[in-house]
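Student: One structure, as structure tokens, below. Some questions next.
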Amino acid sequence: MDASPAANPLPTHISTDTTLRVKILDACGMTCTFCHNEGTPVVVDNRHRGPGSFLTAGSSGRMSIYAATNGSSFLPSTIPPDENFSHALDRLRESMGFTELHLTGGEPTLHPRLPELIGLAVARGYRVCMTSNGENGARQIPACADSGLDRVNFSIFGTTPEELAQVQHDRFRDPAKATAKIEALHASIQACIDHGVRPSANIVLLDHTHIDRVHRLLDNYAPELSVRLLNSLDHGQASVDAIHQVLAQRGAVEEARHLTAGASGARTSYRIDGGRRRIQVKWIRPVRLPTTCRGCRFNNDVDCQEGFYGLRLYRDRHGRYLVGVCLQRMDLCQPIEDFLRSPVRAEILRFRQADRGRLEAAHHVSASSPTTTHSTEGNPTP
């Protein structure tokens, strides 16, 4: 979804990756067929299994698409808002320069102490954002807003029970259950609007069979929310091609690119429907860590689906906090103190700086000239 700057010169907003993603729990009431579950096995399906035998899918209907092949050696546990979590956030902020915490799961709104987690992170100097399917947001978001929650990226899968069923396990063929999920999502979005939390909509497009669904979603949500189209990692080029088809059908015109130095996540903003609306498409830059990724078996244009996306934080069932660098290489996860002493930490810091320099040169952005047409301000959140 990218094009060379010479062939298509657009305003380019460059920021540096300072976002830490943290998996705060594993529970989720949805069963999305493309879910990577932040790289960890689904706990309820793998409680009696060990490393090397984790399931990609089990009786719960939930998916973790890389679990059988990514070398994960642990099951995740729920993160409590306690001194150990505070210490983990402090150590990573001080050593890695993080300014934003992005809460993931599972489904974060199912965490029973979510407002406390948010308040703790805000007190530690983080801006806090969250990705959610909205199933419990109406009950949680008012208190989360009071605690300092800045933004929620809602994952939206359908406007009707039939559409929702297309990307869910068979149990969502029940219209009543699917309807309840959709109503809960609407209530969560409204709770954000009512309580001053910025809402955005993430729409994953699997392949051409889902194009009509995406058009209906755009018609339903685009006037209210900041909408982003995402390709499915598990569906490869078919998903990317489908996004291009949607853009063509909506008469999309590129406006600007938003690039994050030191991480693979990037966005392009478009005007659609004759310029009446704006949407964004999230895409993956082919970013690799120069040493850590060099000998990886996935390091090719087909198998490496996310590149280096940034760091993730996990808590295992022994209470240890682990830092991960790749969903497809969970064997690289390390306890925080080991990570901070490892060459990988220094490699990431050097890579951020070098990548920023390359991007500024490629897009003719001057770091010392913030008033240039190609702004260096951007949103680092994936």
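Chains: A, B, ... in order of the structure tokens. Residues: from 1 per chain. Ligands: from 1, in order shown.
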Name all residues at most 9 Å from Lys282 in chain A (count only C-alpha atoms; drop same-chain ones fewer than 4 positions away) and give them as JSON, numbers by chain.

Tutor: {"A": [1, 228, 229, 230, 231, 265, 266, 267, 268, 269, 382]}

Student: Please, could you write that set of residues out with N, CA and C atoms as a short mmCIF file (atom, residue, chain, number, x, y, z; two decimals), in the first residue's frame?

Tutor:
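File again10.cif, as written:
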```cif
data_model
loop_
_atom_site.label_atom_id
_atom_site.label_comp_id
_atom_site.auth_asym_id
_atom_site.auth_seq_id
_atom_site.Cartn_x
_atom_site.Cartn_y
_atom_site.Cartn_z
N MET A 1 0.81 -1.20 0.00
CA MET A 1 0.00 0.00 0.00
C MET A 1 0.85 1.25 0.00
N ARG A 228 -9.97 3.27 10.31
CA ARG A 228 -8.75 2.72 9.74
C ARG A 228 -9.02 1.33 9.19
N LEU A 229 -8.60 1.09 7.97
CA LEU A 229 -8.66 -0.24 7.38
C LEU A 229 -7.34 -0.95 7.65
N LEU A 230 -7.42 -2.21 8.07
CA LEU A 230 -6.25 -3.02 8.36
C LEU A 230 -6.29 -4.29 7.54
N ASN A 231 -5.15 -4.71 7.03
CA ASN A 231 -5.09 -6.00 6.37
C ASN A 231 -4.94 -7.11 7.41
N GLY A 265 4.79 -0.38 11.84
CA GLY A 265 3.45 0.15 11.63
C GLY A 265 3.47 1.51 10.95
N ALA A 266 2.61 1.69 9.94
CA ALA A 266 2.52 2.96 9.22
C ALA A 266 1.09 3.14 8.74
N ARG A 267 0.75 4.38 8.41
CA ARG A 267 -0.61 4.68 7.96
C ARG A 267 -0.57 5.64 6.78
N THR A 268 -1.56 5.50 5.92
CA THR A 268 -1.79 6.46 4.85
C THR A 268 -3.20 6.99 4.99
N SER A 269 -3.37 8.30 4.94
CA SER A 269 -4.71 8.89 5.03
C SER A 269 -5.23 9.19 3.63
N PRO A 382 0.52 2.37 17.04
CA PRO A 382 0.18 1.47 15.95
C PRO A 382 -1.31 1.27 15.85
#
```

Student: Skip range 23-25 of chain A itself and residues of its chain fewer than 6 positions away, then list as a list in words all residues within 7 Å of it, counting only C-alpha atoms.

Tutor: Ser77, Thr78, Ile79, Leu103, Thr104, Gly105, Gly106, Pro108, His111, Leu313 and Tyr314 of chain A

Student: Between A:Ala184, A:Val246, A:Val42, A:Met63, which residue has the minimum interatomic distance to Leu217 in chain A, considering only C-alpha atoms?

Tutor: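 Looking only at the distances to Leu217 in chain A, the closest residue turns out to be A:Val246.
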
Student: Find the distance between CA of His13 in chain A and CA of Val365 in chain A and write it in Å to one decimal.

Tutor: 8.8 Å

Student: So that I can see what lies close to Ala346 in chain A, please list as a count of residues only the residues with an atom at most 12 Å from it, counting only C-alpha atoms and leaving out residues fewer than 4 positions away in the same chain.

Tutor: 14

Student: Name the residues in contact with Ala88 in chain A at a cut-off of 12 Å, using only C-alpha atoms, excluding same-chain residues fewer than 4 positions from it; report them as a PyMOL selection string.

Tutor: chain A and resi 20+22+79-84+92-96+98+120-121+124+312-315+319-323+335-337+339-340

Student: I need the residues from that last selection saved to file as an mmCIF file, in the first residue's frame (with N, CA and C atoms), if you can.

Tutor:
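And here is the file that came out, again.cif:
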```cif
data_model
loop_
_atom_site.group_PDB
_atom_site.id
_atom_site.type_symbol
_atom_site.label_atom_id
_atom_site.label_comp_id
_atom_site.auth_asym_id
_atom_site.auth_seq_id
_atom_site.Cartn_x
_atom_site.Cartn_y
_atom_site.Cartn_z
ATOM 1 N N LEU A 20 4.647 1.363 24.066
ATOM 2 C CA LEU A 20 4.760 0.016 24.624
ATOM 3 C C LEU A 20 3.377 -0.610 24.647
ATOM 4 N N VAL A 22 0.964 -3.574 25.986
ATOM 5 C CA VAL A 22 0.955 -4.476 27.136
ATOM 6 C C VAL A 22 -0.311 -5.317 27.119
ATOM 7 N N ILE A 79 -2.636 -8.891 34.488
ATOM 8 C CA ILE A 79 -1.737 -7.950 35.146
ATOM 9 C C ILE A 79 -2.502 -7.165 36.204
ATOM 10 N N PRO A 80 -2.043 -7.197 37.457
ATOM 11 C CA PRO A 80 -2.699 -6.401 38.504
ATOM 12 C C PRO A 80 -2.080 -5.009 38.607
ATOM 13 N N PRO A 81 -2.846 -4.023 39.048
ATOM 14 C CA PRO A 81 -2.305 -2.667 39.220
ATOM 15 C C PRO A 81 -1.548 -2.559 40.547
ATOM 16 N N ASP A 82 -0.350 -3.120 40.592
ATOM 17 C CA ASP A 82 0.395 -3.175 41.840
ATOM 18 C C ASP A 82 1.801 -2.618 41.668
ATOM 19 N N GLU A 83 2.602 -2.756 42.706
ATOM 20 C CA GLU A 83 3.950 -2.193 42.713
ATOM 21 C C GLU A 83 4.837 -2.833 41.651
ATOM 22 N N ASN A 84 4.665 -4.121 41.408
ATOM 23 C CA ASN A 84 5.490 -4.794 40.407
ATOM 24 C C ASN A 84 5.216 -4.251 39.005
ATOM 25 N N LEU A 92 11.027 0.381 31.978
ATOM 26 C CA LEU A 92 10.970 0.458 30.524
ATOM 27 C C LEU A 92 10.870 1.899 30.029
ATOM 28 N N ARG A 93 10.175 2.749 30.767
ATOM 29 C CA ARG A 93 10.136 4.160 30.369
ATOM 30 C C ARG A 93 11.528 4.788 30.466
ATOM 31 N N GLU A 94 12.214 4.508 31.550
ATOM 32 C CA GLU A 94 13.534 5.099 31.751
ATOM 33 C C GLU A 94 14.560 4.582 30.747
ATOM 34 N N SER A 95 14.475 3.322 30.409
ATOM 35 C CA SER A 95 15.509 2.721 29.564
ATOM 36 C C SER A 95 15.198 2.787 28.074
ATOM 37 N N MET A 96 13.906 2.885 27.720
ATOM 38 C CA MET A 96 13.517 2.849 26.314
ATOM 39 C C MET A 96 12.841 4.135 25.842
ATOM 40 N N PHE A 98 9.788 5.251 26.508
ATOM 41 C CA PHE A 98 8.370 5.108 26.192
ATOM 42 C C PHE A 98 7.554 6.255 26.791
ATOM 43 N N LEU A 120 -2.722 4.094 37.238
ATOM 44 C CA LEU A 120 -1.333 3.800 37.603
ATOM 45 C C LEU A 120 -0.387 4.198 36.483
ATOM 46 N N ALA A 121 -0.730 3.839 35.252
ATOM 47 C CA ALA A 121 0.140 4.155 34.117
ATOM 48 C C ALA A 121 0.218 5.661 33.873
ATOM 49 N N ARG A 124 2.565 7.247 36.108
ATOM 50 C CA ARG A 124 3.953 6.929 35.781
ATOM 51 C C ARG A 124 4.425 7.686 34.543
ATOM 52 N N ARG A 312 6.522 -5.411 23.276
ATOM 53 C CA ARG A 312 5.316 -5.800 23.996
ATOM 54 C C ARG A 312 5.708 -6.287 25.393
ATOM 55 N N LEU A 313 4.803 -6.069 26.329
ATOM 56 C CA LEU A 313 5.020 -6.489 27.706
ATOM 57 C C LEU A 313 3.973 -7.527 28.088
ATOM 58 N N TYR A 314 4.436 -8.599 28.755
ATOM 59 C CA TYR A 314 3.570 -9.687 29.195
ATOM 60 C C TYR A 314 3.860 -10.014 30.663
ATOM 61 N N ARG A 315 2.918 -10.663 31.301
ATOM 62 C CA ARG A 315 3.133 -11.251 32.630
ATOM 63 C C ARG A 315 2.795 -12.726 32.539
ATOM 64 N N GLY A 319 4.176 -14.766 37.549
ATOM 65 C CA GLY A 319 4.264 -13.378 37.972
ATOM 66 C C GLY A 319 5.438 -12.618 37.391
ATOM 67 N N ARG A 320 6.197 -13.230 36.485
ATOM 68 C CA ARG A 320 7.332 -12.542 35.865
ATOM 69 C C ARG A 320 6.842 -11.653 34.726
ATOM 70 N N TYR A 321 7.464 -10.481 34.589
ATOM 71 C CA TYR A 321 7.185 -9.606 33.453
ATOM 72 C C TYR A 321 8.214 -9.877 32.360
ATOM 73 N N LEU A 322 7.695 -10.113 31.145
ATOM 74 C CA LEU A 322 8.527 -10.471 30.006
ATOM 75 C C LEU A 322 8.378 -9.444 28.903
ATOM 76 N N VAL A 323 9.463 -9.174 28.197
ATOM 77 C CA VAL A 323 9.465 -8.265 27.061
ATOM 78 C C VAL A 323 9.568 -9.087 25.783
ATOM 79 N N PRO A 335 12.706 -11.942 30.468
ATOM 80 C CA PRO A 335 12.376 -11.132 31.640
ATOM 81 C C PRO A 335 12.955 -9.733 31.488
ATOM 82 N N ILE A 336 12.290 -8.734 32.065
ATOM 83 C CA ILE A 336 12.667 -7.339 31.853
ATOM 84 C C ILE A 336 14.149 -7.096 32.137
ATOM 85 N N GLU A 337 14.638 -7.526 33.270
ATOM 86 C CA GLU A 337 16.028 -7.227 33.621
ATOM 87 C C GLU A 337 16.990 -7.877 32.651
ATOM 88 N N PHE A 339 16.306 -8.476 29.475
ATOM 89 C CA PHE A 339 16.203 -7.679 28.256
ATOM 90 C C PHE A 339 17.030 -6.405 28.358
ATOM 91 N N LEU A 340 16.951 -5.733 29.499
ATOM 92 C CA LEU A 340 17.651 -4.458 29.653
ATOM 93 C C LEU A 340 19.169 -4.629 29.641
#
```

Student: Find the spatial neighbours of Ala68 in chain A, counting only C-alpha atoms, within a cut-off of 8 Å - ignore same-chain residues fewer than 5 positions away - and output them as a ChimeraX atom specification.

Tutor: /A:52-56
